Structures are given as C-alpha cells and as structure tokens.
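Structure first, then comments.
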Amino acid sequence: MASLTATTLRVRPVGTTIDFCPVCRRERSFRFAEAQAHRYALVFDRGPIAHPHHELTCESCGAIMERAVEERPVTMTSAAANSPLAEPEVLPLVRQRIADWADMETRRRADKLHPDEREEMIRTAMLSFARLYDERPIERVHPMTRFTLTVVVAALMGGGAWAWLATGNRWLLVGGACAGVAISIGALVWIRSRCPRTRVRRWVAAALAPLDPTEAEVTAIKREMLTSRLKSGECIKPARMLKEIAHQRERLSLVKPKTDRAEPVGPQCQSYSS
Ligand SMILES: [Zn+2]
C-alpha cells in the first residue's frame, strides 16, 4: 500500500456555500473544501504539484463537484474557516450563474429550452465531475495511513512466520497470514468506499437524464474533453453512458409514458452517497 513517492489529494474543509447542483437541478447548500494534489516521499510532503481547486459536496444528494478557487475567495482565519457554519463570500458572478441556471431549468421543465442552452447544460453536467474520473482510489488516503497499514500487515505476516520458525506451530503462520490478508481486504474496501470515482458515473447520468442526450451529443462533449486533455474524455464511453442515463430516466420516472403524464416537479434528489 505504501510506496516511496505518491500523489495525495489534500482536502481541507472550509465551511458551507451555495451553488446550482446539476443532479438535484436546483440551488443547494454544499459542504465546501479546498483541495490540492501534493507529492509525498514516503510520509513527507514535497509540496503541491497542481493548481488548487474547490470541492463542493451537495448536502442533499452527495454529489461532488469541482469549482475554480477564484469563484470563492477564502479570506477567513484558519479557525473560522474550519467551522461548519463558515460561509465564504460567493462572487456576484457566481450568484448570477446560479440564477441563470435556475431560469434555464425552469424553461427546460416548460419544454422551452433553446438548443444552445440545452447543449450548455449537457456540457456543464459532464464537466462538473470531470476531475473525479482522473482520481485513483488511493489518492484520498493520507500517506501516513498507507504507511501504517503497510507496517501492520507486514508485522502480522512477518510475526506469524517468525513464530512458526521459533515454535514449529504452523497455525501461527496461518493466523498471521490470514490476519494480514483480512486487514488488506478491509483497507481496500474502505479506500474504495471513500473514492468518489466509484459514484461519478451515476452522478453524471443522473444530471444528464432529464436532458436525454443522444450518443452523438455525449460523443461531442467527450471530444471536447480530449481536446482539452482531460482524462475523463478517455474514460467516458458514450454507449455505456447512454445505458446508465436510460437507467436513471427509468428510476426518476422520466421515460415517456404511454399516457400523458407530466414530469414530476417535486424533489428529485435521492441519496447517491451510499
Ligand atoms: Zn445535489
């Protein structure tokens, strides 16, 4: 689990903020954190290796979005910044964008959305989660935690082997090996459960479901990602994405009914965080 050098995403909680959630399709409250990739040599921080960004986690659906740091200048003291009630300033430009998106969503529900606006909604839904496609599960685990897990597993296995050699009781070897394997499997399950990448396809599909994009439209945004050198462009498979969108449309009761039935306008959000 531990390696000589590793990239770790350092996430520092700041407080709460507001934004438009493409999954809930309305303004929501978000947990707000500063995130930046750092290079580590064993457990020693060698400094940042990428521009910082803000990570917004929707308090309703659990979707995690990336936003530029310039949108919310953090000028609070560190003590205030770590309070869950802290609300950094949101620039007027961002407030206007939230209002514009709410207006667009109202027009979408009324089936009065301009094609350009619809294309922009599809693009934003896919780009809001683009960075998560790049993320490896281990990136959110602190190097000290990785190092500790590696030492514990090695100690259990090595200790079992030493006890076997010292006593001739092979069950001590088996016990040490089993304990090491059990801890390794538990750690992998825990690491995977913390990784947003395992949920990002559902979030993107849920955000796209009401827009019902064609494969050509998804492919066009994928090409834009590839042109911008976003790794998510390589990860997104339009045919697979369309299947997930169809599943989400069915789940959200957005599939065209045989009889006239309006799209539900109540809260669409369901928890995606489990
Ligand atoms: Zn949401």
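Chain lettering (A, B, ...) mirrors the order of the structure tokens, residue numbering begins at 1 for each chain separately, and ligand numbering begins at 1 in order of display.
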For chain A versus ligand 1, which residues have an atom no more than 8 Å away, and what is each residue's nearest atom pair and distance in Å rounded to one decimal, using only C-alpha atoms and all ligand atoms, chain-then-number order, as a Markdown table?
| residue | atom | partner | partner_atom_place_in_ligand_line | distance |
| --- | --- | --- | --- | --- |
| A:Cys21 | CA | ligand 1 | 1 (Zn) | 4.7 |
| A:Pro22 | CA | ligand 1 | 1 (Zn) | 6.7 |
| A:Val23 | CA | ligand 1 | 1 (Zn) | 5.0 |
| A:Cys24 | CA | ligand 1 | 1 (Zn) | 4.1 |
| A:Arg25 | CA | ligand 1 | 1 (Zn) | 7.2 |
| A:Arg26 | CA | ligand 1 | 1 (Zn) | 7.8 |
| A:Arg28 | CA | ligand 1 | 1 (Zn) | 6.5 |
| A:Thr57 | CA | ligand 1 | 1 (Zn) | 8.0 |
| A:Cys58 | CA | ligand 1 | 1 (Zn) | 4.7 |
| A:Glu59 | CA | ligand 1 | 1 (Zn) | 6.7 |
| A:Ser60 | CA | ligand 1 | 1 (Zn) | 5.1 |
| A:Cys61 | CA | ligand 1 | 1 (Zn) | 4.2 |
| A:Gly62 | CA | ligand 1 | 1 (Zn) | 6.2 |
| A:Ala63 | CA | ligand 1 | 1 (Zn) | 5.8 |
| A:Cys269 | CA | ligand 1 | 1 (Zn) | 6.4 |
Near Phe147 in chain A, within 12 Å and counting only C-alpha atoms, which residues show up once chain neighbours fewer than 3 positions away are dropped, as a list in words?
Met1, Ala2, Ser3, Leu4, Thr5, Ala6, Tyr40, Ala41, Leu42, Val43, Phe44, Val141, His142, Pro143, Met144, Thr150, Val151, Val152, Val153 and Ala154 of chain A
Which residues are close to Met157 in chain A, i.e. within 9 Å by only C-alpha atoms, leaving aside same-chain residues fewer than 3 positions away? Reply as number ranges by chain.
A: 152-154, 160-162, 173-181
Report, in Å to a single decimal, how far apart CA of Val90 in chain A and CA of Asp19 in chain A are.
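Those two atoms sit 9.2 Å apart.
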List the neighbours of range 230-242 of chain A out to 9 Å using only C-alpha atoms; skip same-chain residues closer than 4 positions along the sequence, and give me the result as a PyMOL selection string.
chain A and resi 127+129-134+201+204-205+212-219+221-226+246-247
Mind checking which residues fall within 12 Å of His114 in chain A, counting only C-alpha atoms, ignoring those fewer than 5 positions away in the same chain, and posting them as a list in words?
Asp103, Met104, Glu105, Arg107, Arg108, Glu119, Glu120 and Met121 of chain A
Export of prior selection with N, CA and C atoms as an mmCIF file, in the first residue's frame:
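In the end it all went to part_1.cif:
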data_model
loop_
_atom_site.group_PDB
_atom_site.id
_atom_site.type_symbol
_atom_site.label_atom_id
_atom_site.label_comp_id
_atom_site.auth_asym_id
_atom_site.auth_seq_id
_atom_site.Cartn_x
_atom_site.Cartn_y
_atom_site.Cartn_z
ATOM 1 N N ASP A 103 -33.098 29.654 -14.009
ATOM 2 C CA ASP A 103 -34.006 30.083 -15.086
ATOM 3 C C ASP A 103 -34.031 29.055 -16.213
ATOM 4 N N MET A 104 -32.838 28.569 -16.574
ATOM 5 C CA MET A 104 -32.751 27.568 -17.651
ATOM 6 C C MET A 104 -33.521 26.313 -17.272
ATOM 7 N N GLU A 105 -33.396 25.916 -16.002
ATOM 8 C CA GLU A 105 -34.082 24.708 -15.554
ATOM 9 C C GLU A 105 -35.594 24.891 -15.610
ATOM 10 N N ARG A 107 -37.149 26.798 -17.736
ATOM 11 C CA ARG A 107 -37.528 26.707 -19.161
ATOM 12 C C ARG A 107 -37.458 25.265 -19.634
ATOM 13 N N ARG A 108 -36.512 24.497 -19.108
ATOM 14 C CA ARG A 108 -36.425 23.087 -19.521
ATOM 15 C C ARG A 108 -37.683 22.325 -19.101
ATOM 16 N N GLU A 119 -27.468 22.367 -24.948
ATOM 17 C CA GLU A 119 -26.091 21.891 -25.167
ATOM 18 C C GLU A 119 -25.202 22.328 -24.017
ATOM 19 N N GLU A 120 -25.403 23.570 -23.546
ATOM 20 C CA GLU A 120 -24.588 24.081 -22.440
ATOM 21 C C GLU A 120 -24.867 23.290 -21.159
ATOM 22 N N MET A 121 -26.142 22.904 -20.948
ATOM 23 C CA MET A 121 -26.473 22.117 -19.751
ATOM 24 C C MET A 121 -25.810 20.735 -19.818
#
Residue nearest Val189 in chain A among A:Pro137, A:Thr17, A:Pro92, A:Phe30 (counting only C-alpha atoms)
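So, comparing all the options, the nearest one is A:Pro137.
Reported to one decimal place, the separation of CA of Ile191 in chain A from CA of Val74 in chain A is 29.4 Å.
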